[in-house]
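Asker: start20.pdb is reproduced below (PDB, C-alpha atoms, pLDDT in the B column).
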```pdb
ATOM      1  CA  MET V 100     184.381 121.250  77.664  1.00 87.00           C
ATOM      2  CA  LYS V 101     181.903 120.832  80.504  1.00 95.00           C
ATOM      3  CA  ASN V 102     178.369 122.094  79.838  1.00 97.00           C
ATOM      4  CA  VAL V 103     176.391 121.987  83.078  1.00 98.00           C
ATOM      5  CA  LEU V 104     173.291 123.699  84.481  1.00 98.00           C
ATOM      6  CA  LEU V 105     172.507 123.143  88.170  1.00 98.00           C
ATOM      7  CA  ALA V 106     169.200 124.733  89.183  1.00 98.00           C
ATOM      8  CA  SER V 107     167.708 125.218  92.625  1.00 98.00           C
ATOM      9  CA  THR V 108     164.285 123.932  91.620  1.00 97.00           C
ATOM     10  CA  SER V 109     162.281 122.549  88.721  1.00 97.00           C
ATOM     11  CA  THR V 110     159.153 124.598  89.375  1.00 96.00           C
ATOM     12  CA  LEU V 111     158.628 128.178  90.512  1.00 97.00           C
ATOM     13  CA  PHE V 112     155.520 129.056  92.476  1.00 95.00           C
ATOM     14  CA  GLY V 113     152.557 129.585  90.167  1.00 95.00           C
ATOM     15  CA  GLU V 114     154.379 128.268  87.093  1.00 96.00           C
ATOM     16  CA  GLU V 115     154.409 125.021  85.133  1.00 96.00           C
ATOM     17  CA  TYR V 116     157.125 122.395  85.463  1.00 96.00           C
ATOM     18  CA  LEU V 117     160.485 123.693  84.122  1.00 97.00           C
ATOM     19  CA  ALA V 118     158.784 126.776  82.635  1.00 96.00           C
ATOM     20  CA  TYR V 119     161.374 129.279  83.898  1.00 97.00           C
ATOM     21  CA  LEU V 120     164.246 127.190  82.496  1.00 97.00           C
ATOM     22  CA  LEU V 121     162.789 126.462  79.063  1.00 95.00           C
ATOM     23  CA  PRO V 122     164.253 129.597  77.416  1.00 93.00           C
ATOM     24  CA  GLU V 123     167.705 128.252  78.358  1.00 94.00           C
ATOM     25  CA  LEU V 124     167.213 124.611  77.486  1.00 96.00           C
ATOM     26  CA  SER V 125     166.887 124.748  73.696  1.00 91.00           C
ATOM     27  CA  GLY V 126     170.357 126.237  73.392  1.00 94.00           C
ATOM     28  CA  PHE V 127     171.740 124.228  76.272  1.00 97.00           C
ATOM     29  CA  PHE V 128     170.833 120.915  74.607  1.00 97.00           C
ATOM     30  CA  ALA V 129     171.522 122.121  71.064  1.00 94.00           C
ATOM     31  CA  GLY V 130     172.327 119.189  68.805  1.00 91.00           C
ATOM     32  CA  ALA V 131     170.775 116.570  71.100  1.00 96.00           C
ATOM     33  CA  ALA V 132     167.866 114.670  69.556  1.00 97.00           C
ATOM     34  CA  GLU V 133     167.246 112.666  72.743  1.00 98.00           C
ATOM     35  CA  ILE V 134     168.394 112.976  76.344  1.00 98.00           C
ATOM     36  CA  VAL V 135     168.464 110.492  79.204  1.00 98.00           C
ATOM     37  CA  PHE V 136     166.366 111.354  82.258  1.00 98.00           C
ATOM     38  CA  ILE V 137     167.484 110.021  85.651  1.00 98.00           C
ATOM     39  CA  PRO V 138     164.347 109.641  87.847  1.00 98.00           C
ATOM     40  CA  PHE V 139     165.937 107.881  90.829  1.00 97.00           C
ATOM     41  CA  ALA V 140     165.367 110.690  93.364  1.00 97.00           C
ATOM     42  CA  ARG V 141     161.598 110.064  93.577  1.00 92.00           C
ATOM     43  CA  PRO V 142     160.821 107.773  96.544  1.00 83.00           C
ATOM     44  CA  GLY V 143     157.046 107.552  96.174  1.00 80.00           C
ATOM     45  CA  GLY V 144     153.870 109.170  94.975  1.00 81.00           C
ATOM     46  CA  ILE V 145     154.976 108.995  91.365  1.00 92.00           C
ATOM     47  CA  SER V 146     156.525 106.106  89.454  1.00 95.00           C
ATOM     48  CA  HIS V 147     159.709 106.364  87.416  1.00 96.00           C
ATOM     49  CA  ASP V 148     157.569 105.962  84.295  1.00 97.00           C
ATOM     50  CA  ASP V 149     155.185 108.776  85.301  1.00 96.00           C
ATOM     51  CA  TYR V 150     158.051 111.029  86.320  1.00 97.00           C
ATOM     52  CA  THR V 151     159.734 110.456  82.975  1.00 97.00           C
ATOM     53  CA  GLU V 152     156.502 111.158  81.127  1.00 97.00           C
ATOM     54  CA  LYS V 153     156.178 114.485  82.939  1.00 97.00           C
ATOM     55  CA  VAL V 154     159.645 115.420  81.717  1.00 98.00           C
ATOM     56  CA  ARG V 155     159.012 114.053  78.232  1.00 98.00           C
ATOM     57  CA  SER V 156     155.947 116.226  77.724  1.00 98.00           C
ATOM     58  CA  VAL V 157     157.902 119.387  78.534  1.00 97.00           C
ATOM     59  CA  PHE V 158     160.915 118.593  76.382  1.00 98.00           C
ATOM     60  CA  ALA V 159     158.636 117.713  73.479  1.00 97.00           C
ATOM     61  CA  THR V 160     157.764 121.422  73.278  1.00 96.00           C
ATOM     62  CA  ILE V 161     161.392 122.174  72.340  1.00 96.00           C
ATOM     63  CA  GLY V 162     161.768 119.187  70.022  1.00 96.00           C
ATOM     64  CA  ILE V 163     163.852 116.939  72.266  1.00 97.00           C
ATOM     65  CA  LYS V 164     163.005 113.305  73.037  1.00 98.00           C
ATOM     66  CA  VAL V 165     163.439 111.871  76.540  1.00 98.00           C
ATOM     67  CA  ARG V 166     164.047 108.319  77.723  1.00 98.00           C
ATOM     68  CA  GLY V 167     164.228 107.253  81.360  1.00 98.00           C
ATOM     69  CA  LEU V 168     167.478 105.639  82.485  1.00 98.00           C
ATOM     70  CA  HIS V 169     165.460 102.989  84.336  1.00 97.00           C
ATOM     71  CA  THR V 170     164.155 101.606  81.019  1.00 97.00           C
ATOM     72  CA  PHE V 171     167.575 100.628  79.663  1.00 97.00           C
ATOM     73  CA  PRO V 172     168.674  97.007  80.206  1.00 96.00           C
ATOM     74  CA  GLU V 173     172.266  98.257  80.546  1.00 96.00           C
ATOM     75  CA  PRO V 174     172.226 101.719  82.175  1.00 97.00           C
ATOM     76  CA  GLU V 175     176.004 102.061  81.980  1.00 96.00           C
ATOM     77  CA  THR V 176     175.832 101.702  78.191  1.00 97.00           C
ATOM     78  CA  ALA V 177     172.942 104.167  78.069  1.00 97.00           C
ATOM     79  CA  ILE V 178     175.063 106.760  79.871  1.00 98.00           C
ATOM     80  CA  ALA V 179     178.028 106.098  77.599  1.00 97.00           C
ATOM     81  CA  GLU V 180     175.899 106.677  74.486  1.00 97.00           C
ATOM     82  CA  ALA V 181     173.729 109.566  75.748  1.00 98.00           C
ATOM     83  CA  GLU V 182     173.532 112.958  74.031  1.00 98.00           C
ATOM     84  CA  GLY V 183     172.474 114.741  77.197  1.00 98.00           C
ATOM     85  CA  PHE V 184     171.235 114.204  80.764  1.00 98.00           C
ATOM     86  CA  PHE V 185     168.600 115.558  83.110  1.00 98.00           C
ATOM     87  CA  THR V 186     168.418 114.466  86.740  1.00 98.00           C
ATOM     88  CA  GLY V 187     165.250 115.590  88.494  1.00 97.00           C
ATOM     89  CA  GLY V 188     164.533 116.421  92.097  1.00 96.00           C
ATOM     90  CA  GLY V 189     163.246 114.366  94.986  1.00 96.00           C
ATOM     91  CA  ASN V 190     165.322 112.881  97.792  1.00 97.00           C
ATOM     92  CA  THR V 191     169.096 113.285  97.492  1.00 98.00           C
ATOM     93  CA  PHE V 192     169.863 110.375  99.827  1.00 98.00           C
ATOM     94  CA  LEU V 193     167.883 108.028  97.595  1.00 98.00           C
ATOM     95  CA  LEU V 194     169.390 109.414  94.382  1.00 98.00           C
ATOM     96  CA  VAL V 195     172.947 109.066  95.673  1.00 98.00           C
ATOM     97  CA  GLN V 196     172.264 105.596  97.068  1.00 98.00           C
ATOM     98  CA  GLN V 197     170.913 104.392  93.733  1.00 98.00           C
ATOM     99  CA  LEU V 198     173.729 105.865  91.656  1.00 98.00           C
ATOM    100  CA  HIS V 199     176.388 104.305  93.887  1.00 98.00           C
ATOM    101  CA  HIS V 200     174.506 100.988  94.158  1.00 97.00           C
ATOM    102  CA  LEU V 201     174.347 100.757  90.362  1.00 97.00           C
ATOM    103  CA  ASN V 202     177.984 101.928  90.021  1.00 97.00           C
ATOM    104  CA  LEU V 203     176.859 104.850  87.873  1.00 98.00           C
ATOM    105  CA  MET V 204     178.112 107.916  89.765  1.00 98.00           C
ATOM    106  CA  GLU V 205     181.635 107.808  88.333  1.00 98.00           C
ATOM    107  CA  VAL V 206     180.395 106.745  84.890  1.00 98.00           C
ATOM    108  CA  LEU V 207     178.025 109.717  84.760  1.00 98.00           C
ATOM    109  CA  LYS V 208     180.716 112.094  86.047  1.00 98.00           C
ATOM    110  CA  LYS V 209     183.188 111.070  83.344  1.00 98.00           C
ATOM    111  CA  LYS V 210     180.586 111.380  80.601  1.00 98.00           C
ATOM    112  CA  VAL V 211     179.566 114.880  81.708  1.00 98.00           C
ATOM    113  CA  GLU V 212     183.184 115.948  82.029  1.00 98.00           C
ATOM    114  CA  SER V 213     183.668 114.901  78.407  1.00 97.00           C
ATOM    115  CA  GLY V 214     181.277 117.687  77.377  1.00 96.00           C
ATOM    116  CA  ILE V 215     177.852 116.031  77.246  1.00 98.00           C
ATOM    117  CA  PRO V 216     175.297 118.538  78.639  1.00 98.00           C
ATOM    118  CA  TYR V 217     173.975 117.853  82.123  1.00 98.00           C
ATOM    119  CA  LEU V 218     170.912 119.521  83.657  1.00 98.00           C
ATOM    120  CA  GLY V 219     170.105 119.037  87.317  1.00 98.00           C
ATOM    121  CA  THR V 220     167.300 120.414  89.454  1.00 98.00           C
ATOM    122  CA  SER V 221     167.185 120.202  93.252  1.00 98.00           C
ATOM    123  CA  ALA V 222     168.537 116.725  94.155  1.00 98.00           C
ATOM    124  CA  GLY V 223     169.877 116.484  90.605  1.00 98.00           C
ATOM    125  CA  SER V 224     171.854 119.669  91.274  1.00 98.00           C
ATOM    126  CA  ASN V 225     173.090 118.505  94.659  1.00 98.00           C
ATOM    127  CA  ILE V 226     174.957 115.635  93.003  1.00 98.00           C
ATOM    128  CA  GLY V 227     176.860 118.152  90.885  1.00 98.00           C
ATOM    129  CA  GLY V 228     178.732 119.258  93.991  1.00 98.00           C
ATOM    130  CA  ILE V 229     181.633 117.620  95.807  1.00 98.00           C
ATOM    131  CA  ASN V 230     179.337 115.693  98.134  1.00 98.00           C
ATOM    132  CA  MET V 231     175.715 115.615  99.271  1.00 98.00           C
ATOM    133  CA  LYS V 232     176.305 116.933 102.804  1.00 98.00           C
ATOM    134  CA  ASN V 233     174.351 120.161 102.212  1.00 98.00           C
ATOM    135  CA  THR V 234     171.067 118.625 101.097  1.00 98.00           C
ATOM    136  CA  ASN V 235     167.897 119.566 102.967  1.00 96.00           C
ATOM    137  CA  ASP V 236     166.430 116.067 102.607  1.00 96.00           C
ATOM    138  CA  MET V 237     165.718 113.469 105.279  1.00 96.00           C
ATOM    139  CA  PRO V 238     167.982 110.383 105.289  1.00 97.00           C
ATOM    140  CA  ILE V 239     165.284 107.907 104.275  1.00 96.00           C
ATOM    141  CA  VAL V 240     167.975 105.527 102.986  1.00 97.00           C
ATOM    142  CA  TYR V 241     171.700 105.262 103.660  1.00 97.00           C
ATOM    143  CA  PRO V 242     174.056 105.683 100.687  1.00 98.00           C
ATOM    144  CA  SER V 243     177.297 103.731 100.695  1.00 97.00           C
ATOM    145  CA  ASP V 244     179.145 106.975 100.010  1.00 96.00           C
ATOM    146  CA  PHE V 245     178.192 110.665 100.296  1.00 98.00           C
ATOM    147  CA  THR V 246     180.581 111.594  97.471  1.00 98.00           C
ATOM    148  CA  THR V 247     178.918 112.978  94.339  1.00 98.00           C
ATOM    149  CA  MET V 248     180.201 114.025  90.915  1.00 98.00           C
ATOM    150  CA  GLY V 249     182.262 117.105  91.794  1.00 98.00           C
ATOM    151  CA  LEU V 250     181.361 118.904  88.588  1.00 98.00           C
ATOM    152  CA  VAL V 251     181.858 122.144  90.527  1.00 98.00           C
ATOM    153  CA  PRO V 252     184.404 122.775  93.332  1.00 97.00           C
ATOM    154  CA  PHE V 253     181.748 123.434  95.979  1.00 98.00           C
ATOM    155  CA  ASN V 254     178.504 122.088  97.374  1.00 98.00           C
ATOM    156  CA  ILE V 255     175.028 123.325  96.565  1.00 98.00           C
ATOM    157  CA  ASN V 256     172.225 124.048  98.981  1.00 98.00           C
ATOM    158  CA  ALA V 257     169.172 123.982  96.746  1.00 98.00           C
ATOM    159  CA  HIS V 258     165.940 125.788  97.700  1.00 97.00           C
ATOM    160  CA  TYR V 259     167.951 128.150  99.898  1.00 97.00           C
ATOM    161  CA  LEU V 260     165.708 130.122 102.275  1.00 94.00           C
ATOM    162  CA  ASP V 261     166.631 133.365 103.984  1.00 89.00           C
ATOM    163  CA  PRO V 262     165.863 133.744 107.688  1.00 81.00           C
ATOM    164  CA  ASP V 263     162.409 135.270 108.237  1.00 77.00           C
ATOM    165  CA  PRO V 264     162.613 137.930 110.984  1.00 79.00           C
ATOM    166  CA  ALA V 265     158.840 137.702 111.498  1.00 77.00           C
ATOM    167  CA  SER V 266     158.829 133.923 111.982  1.00 78.00           C
ATOM    168  CA  THR V 267     158.049 132.395 115.374  1.00 77.00           C
ATOM    169  CA  HIS V 268     159.832 129.177 114.407  1.00 73.00           C
ATOM    170  CA  ASN V 269     162.567 128.406 116.948  1.00 69.00           C
ATOM    171  CA  GLY V 270     164.462 125.832 114.899  1.00 74.00           C
ATOM    172  CA  GLU V 271     167.706 126.389 113.056  1.00 84.00           C
ATOM    173  CA  THR V 272     167.719 128.468 109.885  1.00 91.00           C
ATOM    174  CA  ARG V 273     169.329 127.251 106.679  1.00 94.00           C
ATOM    175  CA  GLU V 274     172.212 129.641 107.331  1.00 95.00           C
ATOM    176  CA  THR V 275     172.731 128.147 110.785  1.00 95.00           C
ATOM    177  CA  ARG V 276     172.840 124.623 109.372  1.00 96.00           C
ATOM    178  CA  ILE V 277     175.450 125.570 106.787  1.00 98.00           C
ATOM    179  CA  LYS V 278     177.558 127.276 109.453  1.00 97.00           C
ATOM    180  CA  GLU V 279     177.370 124.039 111.464  1.00 97.00           C
ATOM    181  CA  PHE V 280     178.670 122.205 108.398  1.00 98.00           C
ATOM    182  CA  HIS V 281     181.641 124.571 108.283  1.00 98.00           C
ATOM    183  CA  VAL V 282     182.659 123.733 111.839  1.00 98.00           C
ATOM    184  CA  PHE V 283     183.866 120.390 110.464  1.00 98.00           C
ATOM    185  CA  ASN V 284     184.246 121.002 106.708  1.00 98.00           C
ATOM    186  CA  ASP V 285     186.056 123.532 104.495  1.00 97.00           C
ATOM    187  CA  THR V 286     183.992 122.946 101.331  1.00 98.00           C
ATOM    188  CA  PRO V 287     182.387 126.173 100.005  1.00 98.00           C
ATOM    189  CA  VAL V 288     178.591 126.133  99.822  1.00 98.00           C
ATOM    190  CA  VAL V 289     176.436 128.037  97.339  1.00 98.00           C
ATOM    191  CA  GLY V 290     172.900 128.717  98.546  1.00 98.00           C
ATOM    192  CA  LEU V 291     170.666 128.741  95.465  1.00 98.00           C
ATOM    193  CA  ARG V 292     167.403 130.591  95.895  1.00 98.00           C
ATOM    194  CA  GLU V 293     164.382 129.582  93.830  1.00 97.00           C
ATOM    195  CA  GLY V 294     164.783 130.798  90.253  1.00 97.00           C
ATOM    196  CA  SER V 295     168.588 130.662  90.393  1.00 97.00           C
ATOM    197  CA  TRP V 296     171.124 128.257  88.960  1.00 98.00           C
ATOM    198  CA  VAL V 297     174.809 127.618  88.399  1.00 98.00           C
ATOM    199  CA  SER V 298     176.140 127.568  84.841  1.00 98.00           C
ATOM    200  CA  VAL V 299     179.347 125.735  83.916  1.00 98.00           C
ATOM    201  CA  LYS V 300     180.966 126.275  80.521  1.00 97.00           C
ATOM    202  CA  GLY V 301     184.326 124.570  80.440  1.00 95.00           C
ATOM    203  CA  THR V 302     186.211 125.982  83.426  1.00 94.00           C
ATOM    204  CA  VAL V 303     183.986 129.065  83.761  1.00 97.00           C
ATOM    205  CA  VAL V 304     181.398 128.829  86.536  1.00 98.00           C
ATOM    206  CA  ARG V 305     178.759 131.543  87.001  1.00 97.00           C
ATOM    207  CA  THR V 306     175.644 132.267  89.000  1.00 97.00           C
ATOM    208  CA  LYS V 307     172.549 132.727  86.861  1.00 97.00           C
ATOM    209  CA  GLY V 308     168.829 133.350  87.247  1.00 96.00           C
ATOM    210  CA  SER V 309     166.488 135.855  88.792  1.00 94.00           C
ATOM    211  CA  LYS V 310     168.030 136.142  92.277  1.00 96.00           C
ATOM    212  CA  PRO V 311     171.463 136.503  93.854  1.00 97.00           C
ATOM    213  CA  SER V 312     173.099 133.493  95.456  1.00 98.00           C
ATOM    214  CA  ARG V 313     174.256 133.238  99.061  1.00 98.00           C
ATOM    215  CA  ILE V 314     177.896 132.207  99.430  1.00 98.00           C
ATOM    216  CA  PHE V 315     179.257 130.426 102.495  1.00 98.00           C
ATOM    217  CA  LEU V 316     182.976 129.952 103.141  1.00 98.00           C
ATOM    218  CA  ALA V 317     184.440 128.422 106.276  1.00 97.00           C
ATOM    219  CA  GLY V 318     185.590 131.071 108.744  1.00 95.00           C
ATOM    220  CA  MET V 319     183.967 133.956 106.848  1.00 96.00           C
ATOM    221  CA  ALA V 320     180.677 135.820 107.019  1.00 96.00           C
ATOM    222  CA  PRO V 321     178.212 134.757 104.273  1.00 97.00           C
ATOM    223  CA  TYR V 322     177.882 137.159 101.355  1.00 97.00           C
ATOM    224  CA  GLU V 323     175.685 137.770  98.311  1.00 97.00           C
ATOM    225  CA  LEU V 324     176.715 137.164  94.724  1.00 97.00           C
ATOM    226  CA  GLU V 325     174.606 138.720  91.989  1.00 97.00           C
ATOM    227  CA  SER V 326     173.365 136.747  88.989  1.00 96.00           C
ATOM    228  CA  GLY V 327     175.991 136.614  86.243  1.00 95.00           C
ATOM    229  CA  SER V 328     178.923 136.655  88.658  1.00 97.00           C
ATOM    230  CA  LEU V 329     181.900 134.348  88.427  1.00 96.00           C
ATOM    231  CA  LEU V 330     182.074 131.630  91.068  1.00 95.00           C
ATOM    232  CA  LYS V 331     185.743 131.333  91.942  1.00 89.00           C
ATOM    233  CA  PHE V 332     187.093 130.342  95.336  1.00 82.00           C
TER     234      PHE V 332
END
```
Step by step, read the file and then write its structure as structure tokens.
Answerer:
Amino acid sequence: MKNVLLASTSTLFGEEYLAYLLPELSGFFAGAAEIVFIPFARPGGISHDDYTEKVRSVFATIGIKVRGLHTFPEPETAIAEAEGFFTGGGNTFLLVQQLHHLNLMEVLKKKVESGIPYLGTSAGSNIGGINMKNTNDMPIVYPSDFTTMGLVPFNINAHYLDPDPASTHNGETRETRIKEFHVFNDTPVVGLREGSWVSVKGTVVRTKGSKPSRIFLAGMAPYELESGSLLKF
């Protein structure tokens, strides 16, 4: 039975790293003594070791150990033996490139589908969708394939921002970009505002968190879905 949590962000404004998710995580990772952290989305400014240490210090407060996937001599074996996963944010293009380059995307997908808990934030949530075509990130590298794990039957737009009527910015809004996507694609898109996430328990998929989600379907007007609602298309 799949056990997945795909969050818009790791950090809410004015809060500590993962603070708003911590009440969920003890139960979410129940029974896991150690989880594997996937730090591959970070392109610079922080090393994989430092990124992992940041995660380790938070999970220590709920009694769970963390080891970075980059430290294993055989990452495929590490995934096969893991008790849980967390993939952090950064650049989705880089994360997807690395997972495909290392032939880990399908391995990770199969392990999560077997019931091992998977937590994603931002880029780590984007790879839970069908593909990465709704990321907000710049294409700083070129993945061999845009396909991601397909843990949910839609794509995620993390850090979703509503249009600001007072803004003088003349560029496209997030809503406009997603509508452009739907000119050529039929895949549903869930816009996750900060503080919101998608919960998957077996075949049941729900919106969760402090804000409603924005739902985009090809050929239809976008609509709001309140926290706790079923996501079924």
Asker: May I ask which of the residues V:Ala222, V:Leu124, V:Ala140, V:Val195 is the closest one to Ile161 in chain V, counting all atoms listed in the file?
Answerer: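 Result for the nearest residue to Ile161 in chain V: V:Leu124.
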Asker: Hey, which bits of range 194-313 of chain V sit within 12 Å of range 164-170 of chain V, and for each residue what's the closest pair of atoms and how far apart in Å (one decimal), counting all atoms listed in the file, rows by chain and increasing number, as a Markdown table?
Answerer:
```
| residue | atom | partner | partner_atom | distance |
| --- | --- | --- | --- | --- |
| V:Gln197 | CA | V:His169 | CA | 11.0 |
| V:Leu198 | CA | V:Leu168 | CA | 11.1 |
| V:Leu201 | CA | V:His169 | CA | 11.0 |
| V:Leu203 | CA | V:Leu168 | CA | 10.8 |
| V:Leu207 | CA | V:Leu168 | CA | 11.5 |
```
Asker: From the list V:His258, V:Arg155, V:Lys209, V:Lys232, which residue is nearest Thr191 in chain V when using only C-alpha atoms?
Answerer: V:Lys232
Asker: Leaving out Pro216 in chain V and any residue of its chain fewer than 2 positions from it, which residues lie within 7 Å of it when counting all atoms listed in the file, given as a PyMOL selection string?
Answerer: chain V and resi 102-103+128+183-184+211+214+218
Asker: Enumerate, as a list in words, the residues matched when the PyMOL selection byres ((chain V and resi 132) around 8) is run on the file above.
Answerer: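 The output of the PyMOL selection byres ((chain V and resi 132) around 8) on this file is Gly130, Ala131, Glu133, Ile134, Gly162, Ile163, Lys164 and Glu182 of chain V.
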Asker: So which one's closest to Gly223 in chain V, V:Ser298, V:Thr247, V:Ser125, V:Thr186? Using all atoms listed in the file, please.
Answerer: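 The closest residue to Gly223 in chain V is V:Thr186.
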Asker: List the spatial neighbours of Pro287 in chain V as a PDB file with C-alpha atoms, in the frame of the given file - criterion: any atom at most 8 Å away, all atoms listed in the file, same-chain residues fewer than 4 positions off excluded.
Answerer:
```pdb
ATOM      1  CA  PRO V 252     184.404 122.775  93.332  1.00 97.00           C
ATOM      2  CA  PHE V 253     181.748 123.434  95.979  1.00 98.00           C
ATOM      3  CA  ASN V 254     178.504 122.088  97.374  1.00 98.00           C
ATOM      4  CA  ILE V 314     177.896 132.207  99.430  1.00 98.00           C
ATOM      5  CA  PHE V 315     179.257 130.426 102.495  1.00 98.00           C
ATOM      6  CA  LEU V 316     182.976 129.952 103.141  1.00 98.00           C
ATOM      7  CA  ALA V 317     184.440 128.422 106.276  1.00 97.00           C
ATOM      8  CA  PHE V 332     187.093 130.342  95.336  1.00 82.00           C
TER       9      PHE V 332
END
```
